[in-house]
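**Student:** Handing over query.cif, mmCIF, C-alpha atoms (C1' of nucleotides); chains and numbers go by the auth columns.
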data_work
loop_
_atom_site.group_PDB
_atom_site.id
_atom_site.type_symbol
_atom_site.label_atom_id
_atom_site.label_comp_id
_atom_site.label_asym_id
_atom_site.label_seq_id
_atom_site.Cartn_x
_atom_site.Cartn_y
_atom_site.Cartn_z
_atom_site.B_iso_or_equiv
_atom_site.auth_seq_id
_atom_site.auth_asym_id
ATOM 1 C CA MET A 1 9.472 -15.291 -8.327 0.00 1 J
ATOM 2 C CA THR A 2 5.805 -16.049 -8.988 0.00 2 J
ATOM 3 C CA GLU A 3 4.029 -15.080 -12.174 0.00 3 J
ATOM 4 C CA SER A 4 1.940 -12.510 -10.289 0.00 4 J
ATOM 5 C CA SER A 5 5.074 -10.875 -8.942 0.00 5 J
ATOM 6 C CA GLU A 6 6.575 -10.670 -12.393 0.00 6 J
ATOM 7 C CA ARG A 7 3.457 -8.964 -13.706 0.00 7 J
ATOM 8 C CA ILE A 8 3.559 -6.507 -10.816 0.00 8 J
ATOM 9 C CA VAL A 9 7.208 -5.722 -11.581 0.00 9 J
ATOM 10 C CA THR A 10 6.338 -5.116 -15.228 0.00 10 J
ATOM 11 C CA VAL A 11 3.576 -2.684 -14.276 0.00 11 J
ATOM 12 C CA LEU A 12 5.776 -0.865 -11.787 0.00 12 J
ATOM 13 C CA LYS A 13 8.595 -0.368 -14.270 0.00 13 J
ATOM 14 C CA ALA A 14 6.080 1.084 -16.732 0.00 14 J
ATOM 15 C CA ILE A 15 4.967 3.921 -14.445 0.00 15 J
ATOM 16 C CA PRO A 16 6.060 7.061 -16.316 0.00 16 J
ATOM 17 C CA TYR A 17 8.491 9.578 -14.879 0.00 17 J
ATOM 18 C CA ALA A 18 6.773 12.186 -12.718 0.00 18 J
ATOM 19 C CA ARG A 19 3.551 10.169 -12.393 0.00 19 J
ATOM 20 C CA VAL A 20 2.198 8.082 -9.535 0.00 20 J
ATOM 21 C CA MET A 21 -0.055 5.045 -9.131 0.00 21 J
ATOM 22 C CA SER A 22 -1.871 3.613 -6.133 0.00 22 J
ATOM 23 C CA TYR A 23 -1.069 0.150 -4.789 0.00 23 J
ATOM 24 C CA GLY A 24 -4.515 -1.045 -5.813 0.00 24 J
ATOM 25 C CA ALA A 25 -4.189 0.372 -9.334 0.00 25 J
ATOM 26 C CA VAL A 26 -0.866 -1.403 -9.816 0.00 26 J
ATOM 27 C CA ALA A 27 -2.433 -4.643 -8.614 0.00 27 J
ATOM 28 C CA SER A 28 -5.391 -4.265 -10.983 0.00 28 J
ATOM 29 C CA ALA A 29 -3.129 -3.468 -13.925 0.00 29 J
ATOM 30 C CA ALA A 30 -1.230 -6.658 -13.101 0.00 30 J
ATOM 31 C CA GLY A 31 -4.492 -8.590 -13.174 0.00 31 J
ATOM 32 C CA LEU A 32 -4.848 -9.049 -9.420 0.00 32 J
ATOM 33 C CA ARG A 33 -8.261 -8.351 -7.958 0.00 33 J
ATOM 34 C CA ASN A 34 -7.262 -7.584 -4.374 0.00 34 J
ATOM 35 C CA GLY A 35 -3.516 -7.431 -4.577 0.00 35 J
ATOM 36 C CA ALA A 36 -2.768 -4.024 -3.076 0.00 36 J
ATOM 37 C CA ARG A 37 -0.992 -5.526 -0.104 0.00 37 J
ATOM 38 C CA GLN A 38 0.972 -7.867 -2.283 0.00 38 J
ATOM 39 C CA VAL A 39 2.227 -4.840 -4.219 0.00 39 J
ATOM 40 C CA ALA A 40 3.266 -3.171 -0.965 0.00 40 J
ATOM 41 C CA ARG A 41 5.055 -6.299 0.147 0.00 41 J
ATOM 42 C CA LEU A 42 6.940 -6.650 -3.113 0.00 42 J
ATOM 43 C CA LEU A 43 8.010 -3.015 -3.048 0.00 43 J
ATOM 44 C CA HIS A 44 9.281 -3.470 0.481 0.00 44 J
ATOM 45 C CA SER A 45 11.270 -6.599 -0.275 0.00 45 J
ATOM 46 C CA SER A 46 12.455 -6.198 -3.850 0.00 46 J
ATOM 47 C CA SER A 47 12.643 -2.520 -4.797 0.00 47 J
ATOM 48 C CA ASP A 48 16.404 -2.571 -4.560 0.00 48 J
ATOM 49 C CA THR A 49 17.144 -5.720 -6.507 0.00 49 J
ATOM 50 C CA TRP A 50 14.705 -4.877 -9.282 0.00 50 J
ATOM 51 C CA LYS A 51 15.487 -1.139 -9.327 0.00 51 J
ATOM 52 C CA LEU A 52 11.808 -0.355 -8.987 0.00 52 J
ATOM 53 C CA PRO A 53 10.430 3.215 -8.939 0.00 53 J
ATOM 54 C CA TRP A 54 8.990 2.555 -5.483 0.00 54 J
ATOM 55 C CA HIS A 55 8.571 6.260 -4.747 0.00 55 J
ATOM 56 C CA ARG A 56 5.935 6.517 -7.512 0.00 56 J
ATOM 57 C CA VAL A 57 3.513 4.291 -5.604 0.00 57 J
ATOM 58 C CA ILE A 58 1.239 5.968 -3.063 0.00 58 J
ATOM 59 C CA LYS A 59 -2.137 5.375 -1.445 0.00 59 J
ATOM 60 C CA ALA A 60 -5.344 5.730 -3.432 0.00 60 J
ATOM 61 C CA ASN A 61 -6.257 8.862 -1.452 0.00 61 J
ATOM 62 C CA GLY A 62 -3.046 10.601 -2.536 0.00 62 J
ATOM 63 C CA CYS A 63 -1.174 10.157 0.742 0.00 63 J
ATOM 64 C CA ILE A 64 2.220 8.538 1.087 0.00 64 J
ATOM 65 C CA ALA A 65 2.013 5.263 2.979 0.00 65 J
ATOM 66 C CA LEU A 66 5.438 5.356 4.611 0.00 66 J
ATOM 67 C CA PRO A 67 5.756 6.789 8.118 0.00 67 J
ATOM 68 C CA SER A 68 7.972 9.716 9.018 0.00 68 J
ATOM 69 C CA GLY A 69 11.476 8.456 9.636 0.00 69 J
ATOM 70 C CA GLY A 70 10.632 5.286 7.778 0.00 70 J
ATOM 71 C CA GLY A 71 11.066 6.547 4.256 0.00 71 J
ATOM 72 C CA LEU A 72 8.456 9.306 4.046 0.00 72 J
ATOM 73 C CA GLU A 73 11.003 12.116 3.749 0.00 73 J
ATOM 74 C CA ILE A 74 13.036 10.247 1.134 0.00 74 J
ATOM 75 C CA GLN A 75 9.949 9.499 -0.940 0.00 75 J
ATOM 76 C CA ILE A 76 8.891 13.149 -0.876 0.00 76 J
ATOM 77 C CA ALA A 77 12.407 14.191 -1.923 0.00 77 J
ATOM 78 C CA LEU A 78 12.426 11.748 -4.838 0.00 78 J
ATOM 79 C CA LEU A 79 8.990 12.917 -5.990 0.00 79 J
ATOM 80 C CA HIS A 80 10.040 16.578 -5.769 0.00 80 J
ATOM 81 C CA GLN A 81 13.102 15.703 -7.786 0.00 81 J
ATOM 82 C CA GLU A 82 10.765 14.601 -10.588 0.00 82 J
ATOM 83 C CA GLY A 83 8.571 17.667 -10.272 0.00 83 J
ATOM 84 C CA VAL A 84 5.714 15.974 -8.433 0.00 84 J
ATOM 85 C CA GLU A 85 4.513 18.236 -5.653 0.00 85 J
ATOM 86 C CA VAL A 86 3.394 17.038 -2.266 0.00 86 J
ATOM 87 C CA ASN A 87 1.208 19.596 -0.489 0.00 87 J
ATOM 88 C CA ALA A 88 1.249 20.678 3.146 0.00 88 J
ATOM 89 C CA GLU A 89 -1.080 17.830 4.098 0.00 89 J
ATOM 90 C CA GLY A 90 1.354 15.360 2.593 0.00 90 J
ATOM 91 C CA ARG A 91 -0.846 14.566 -0.376 0.00 91 J
ATOM 92 C CA VAL A 92 -0.176 14.309 -4.074 0.00 92 J
ATOM 93 C CA ASP A 93 -2.702 15.922 -6.425 0.00 93 J
ATOM 94 C CA ARG A 94 -4.884 13.708 -8.621 0.00 94 J
ATOM 95 C CA LYS A 95 -3.360 15.193 -11.762 0.00 95 J
ATOM 96 C CA TYR A 96 -0.174 13.230 -11.123 0.00 96 J
ATOM 97 C CA PHE A 97 -1.935 9.866 -11.136 0.00 97 J
ATOM 98 C CA VAL A 98 -1.510 7.816 -14.304 0.00 98 J
ATOM 99 C "C1'" DG B 1 -0.165 -13.699 12.423 0.00 99 Y
ATOM 100 C "C1'" DC B 2 1.457 -9.909 9.870 0.00 100 Y
ATOM 101 C "C1'" DC B 3 0.757 -5.483 6.797 0.00 101 Y
ATOM 102 C "C1'" DA B 4 4.207 0.468 2.444 0.00 102 Y
ATOM 103 C "C1'" DT B 5 -4.331 -0.991 1.387 0.00 103 Y
ATOM 104 C "C1'" DG B 6 -8.915 0.430 0.568 0.00 104 Y
ATOM 105 C "C1'" DG B 7 -13.601 1.515 1.175 0.00 105 Y
ATOM 106 C "C1'" DC B 8 -17.285 2.759 4.181 0.00 106 Y
ATOM 107 C "C1'" DT B 9 -19.204 4.739 8.429 0.00 107 Y
ATOM 108 C "C1'" DA B 10 -19.537 7.461 12.497 0.00 108 Y
ATOM 109 C "C1'" DG B 11 -18.955 11.656 14.609 0.00 109 Y
ATOM 110 C "C1'" DT B 12 -17.594 16.561 14.713 0.00 110 Y
ATOM 111 C "C1'" DA B 13 -18.013 21.494 13.224 0.00 111 Y
ATOM 112 C "C1'" DG C 1 -11.320 4.949 12.632 0.00 112 W
ATOM 113 C "C1'" DC C 2 -12.656 0.249 11.717 0.00 113 W
ATOM 114 C "C1'" DC C 3 -12.607 -4.027 9.555 0.00 114 W
ATOM 115 C "C1'" DA C 4 -12.499 -7.215 5.433 0.00 115 W
ATOM 116 C "C1'" DT C 5 -8.818 -9.078 2.469 0.00 116 W
ATOM 117 C "C1'" DG C 6 -5.152 -12.153 0.813 0.00 117 W
ATOM 118 C "C1'" DG C 7 -0.527 -13.538 0.083 0.00 118 W
ATOM 119 C "C1'" DC C 8 3.759 -14.164 2.546 0.00 119 W
ATOM 120 C "C1'" DT C 9 6.663 -15.381 6.552 0.00 120 W
ATOM 121 C "C1'" DA C 10 8.207 -16.539 11.004 0.00 121 W
ATOM 122 C "C1'" DG C 11 8.061 -19.881 14.200 0.00 122 W
ATOM 123 C "C1'" DT C 12 6.538 -24.335 16.126 0.00 123 W
ATOM 124 C "C1'" DA C 13 6.212 -29.544 16.008 0.00 124 W
#
If you took the structure in this file and wrote it as structure tokens, what would it be?
**Tutor:**
Amino acid sequence: MTESSERIVTVLKAIPYARVMSYGAVASAAGLRNGARQVARLLHSSSDTWKLPWHRVIKANGCIALPSGGGLEIQIALLHQEGVEVNAEGRVDRKYFV
DNA sequence: GCCATGGCTAGTA
DNA sequence: GCCATGGCTAGTA
């Protein structure tokens, strides 16, 4: 576990219930200039072991990054469960961003 | 080489 | 859509 990864984990666990953050925003908050992809990688590999709120991380444009059949439906369900709405175009409104 | 990104541009309506 | 990025990993020697 690198220091950068630990900072990313800290930021992720601090995302409030029913709010979302973009990969890039998480990276910035963790002090990484261009770490969006690193955030994505960490979510993919360690969400389970660290019990991370992976479903609260979406693209900067409000879309969900996961493909249909590859987690998209589950992520939408988890967001709905928290009261975050995903519109017909599959986007989350700006008001839900931290 | 890969990619659960992001920002900018071209091309359509 | 395209491409610049940047850290991680698989696969070779």
**Student:** Within 9 Å of chain W, which residues of chain J are there when counting all atoms listed in the file? Please give them as a PyMOL selection string.
**Tutor:** chain J and resi 34-35+37-38+41
**Student:** Fewer than 6 positions away in the same chain doesn't count, so skip those; otherwise give me all residues within 10 Å of Leu72 of chain J, counting all atoms listed in the file, as a PyMOL selection string.
**Tutor:** (chain J and resi 55+64-66+90) or (chain Y and resi 102)
**Student:** Separation of atom CA of Lys95 of chain J and atom CA of Ser4 of chain J, in Å?
**Tutor:** 28.2 Å
**Student:** Step by step, gather every atom of chain Y that the file lists, find the box along x, y and z that holds them, add 3 Å on each side, and finally give centre and edge lengths in Å to one decimal, as lines of an AutoDock Vina configuration file.
**Tutor:**
center_x = -7.7
center_y = 3.9
center_z = 7.6
size_x = 29.7
size_y = 41.2
size_z = 20.1
**Student:** Work out how far atom CA of Gly70 of chain J is from atom CA of Arg33 of chain J, in Å to one decimal.
**Tutor:**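 Between atom CA of Arg33 of chain J and atom CA of Gly70 of chain J the gap works out to 28.1 Å.
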**Student:** Take the PyMOL selection byres ((chain J and resi 30) around 10), run it mentally on this structure, and tell me the resulting residues as a PDB file with C-alpha atoms, in the coordinates of the input.
**Tutor:**
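And here is the file that came out, result12.pdb:
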ATOM      1  CA  GLU J   3       4.029 -15.080 -12.174  1.00  0.00           C
ATOM      2  CA  SER J   4       1.940 -12.510 -10.289  1.00  0.00           C
ATOM      3  CA  SER J   5       5.074 -10.875  -8.942  1.00  0.00           C
ATOM      4  CA  GLU J   6       6.575 -10.670 -12.393  1.00  0.00           C
ATOM      5  CA  ARG J   7       3.457  -8.964 -13.706  1.00  0.00           C
ATOM      6  CA  ILE J   8       3.559  -6.507 -10.816  1.00  0.00           C
ATOM      7  CA  VAL J   9       7.208  -5.722 -11.581  1.00  0.00           C
ATOM      8  CA  THR J  10       6.338  -5.116 -15.228  1.00  0.00           C
ATOM      9  CA  VAL J  11       3.576  -2.684 -14.276  1.00  0.00           C
ATOM     10  CA  LEU J  12       5.776  -0.865 -11.787  1.00  0.00           C
ATOM     11  CA  GLY J  24      -4.515  -1.045  -5.813  1.00  0.00           C
ATOM     12  CA  ALA J  25      -4.189   0.372  -9.334  1.00  0.00           C
ATOM     13  CA  VAL J  26      -0.866  -1.403  -9.816  1.00  0.00           C
ATOM     14  CA  ALA J  27      -2.433  -4.643  -8.614  1.00  0.00           C
ATOM     15  CA  SER J  28      -5.391  -4.265 -10.983  1.00  0.00           C
ATOM     16  CA  ALA J  29      -3.129  -3.468 -13.925  1.00  0.00           C
ATOM     17  CA  GLY J  31      -4.492  -8.590 -13.174  1.00  0.00           C
ATOM     18  CA  LEU J  32      -4.848  -9.049  -9.420  1.00  0.00           C
ATOM     19  CA  ARG J  33      -8.261  -8.351  -7.958  1.00  0.00           C
ATOM     20  CA  GLY J  35      -3.516  -7.431  -4.577  1.00  0.00           C
ATOM     21  CA  VAL J  39       2.227  -4.840  -4.219  1.00  0.00           C
TER      22      VAL J  39
END
**Student:** Point out the residue among J:Ser45, J:Trp54, J:Gly69, J:Val20 with the least atom-to-atom distance to Val86 of chain J, counting only C-alpha atoms.
**Tutor:**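 Of J:Ser45, J:Trp54, J:Gly69, J:Val20, the one nearest Val86 of chain J, counting only C-alpha atoms, is J:Val20.
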**Student:** To one decimal in Å, tell me the separation between atom CA of Val98 of chain J and atom CA of Glu73 of chain J.
**Tutor:**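 Result for atom CA of Val98 of chain J versus atom CA of Glu73 of chain J: 22.4 Å, one decimal.
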**Student:** Can you spell out as a VMD selection string the set of residues that the PyMOL selection byres ((chain J and resi 57) around 8) selects in the structure I just provided?
**Tutor:** chain J and resid 20 to 23 53 to 56 58 to 59
**Student:** Quick one: write out the picked residues with C-alpha atoms as a compact mmCIF listing (two decimals), in the coordinates of the input?
**Tutor:**
# COMPACT_ATOMS: atom_id res chain seq x y z
CA VAL J 20 2.20 8.08 -9.54
CA MET J 21 -0.06 5.04 -9.13
CA SER J 22 -1.87 3.61 -6.13
CA TYR J 23 -1.07 0.15 -4.79
CA PRO J 53 10.43 3.22 -8.94
CA TRP J 54 8.99 2.56 -5.48
CA HIS J 55 8.57 6.26 -4.75
CA ARG J 56 5.94 6.52 -7.51
CA ILE J 58 1.24 5.97 -3.06
CA LYS J 59 -2.14 5.38 -1.44
**Student:** Between J:Cys63, J:Lys51, J:Gly71, J:Ile15, single out the one closest to Glu85 of chain J, counting all atoms listed in the file.
**Tutor:** J:Cys63
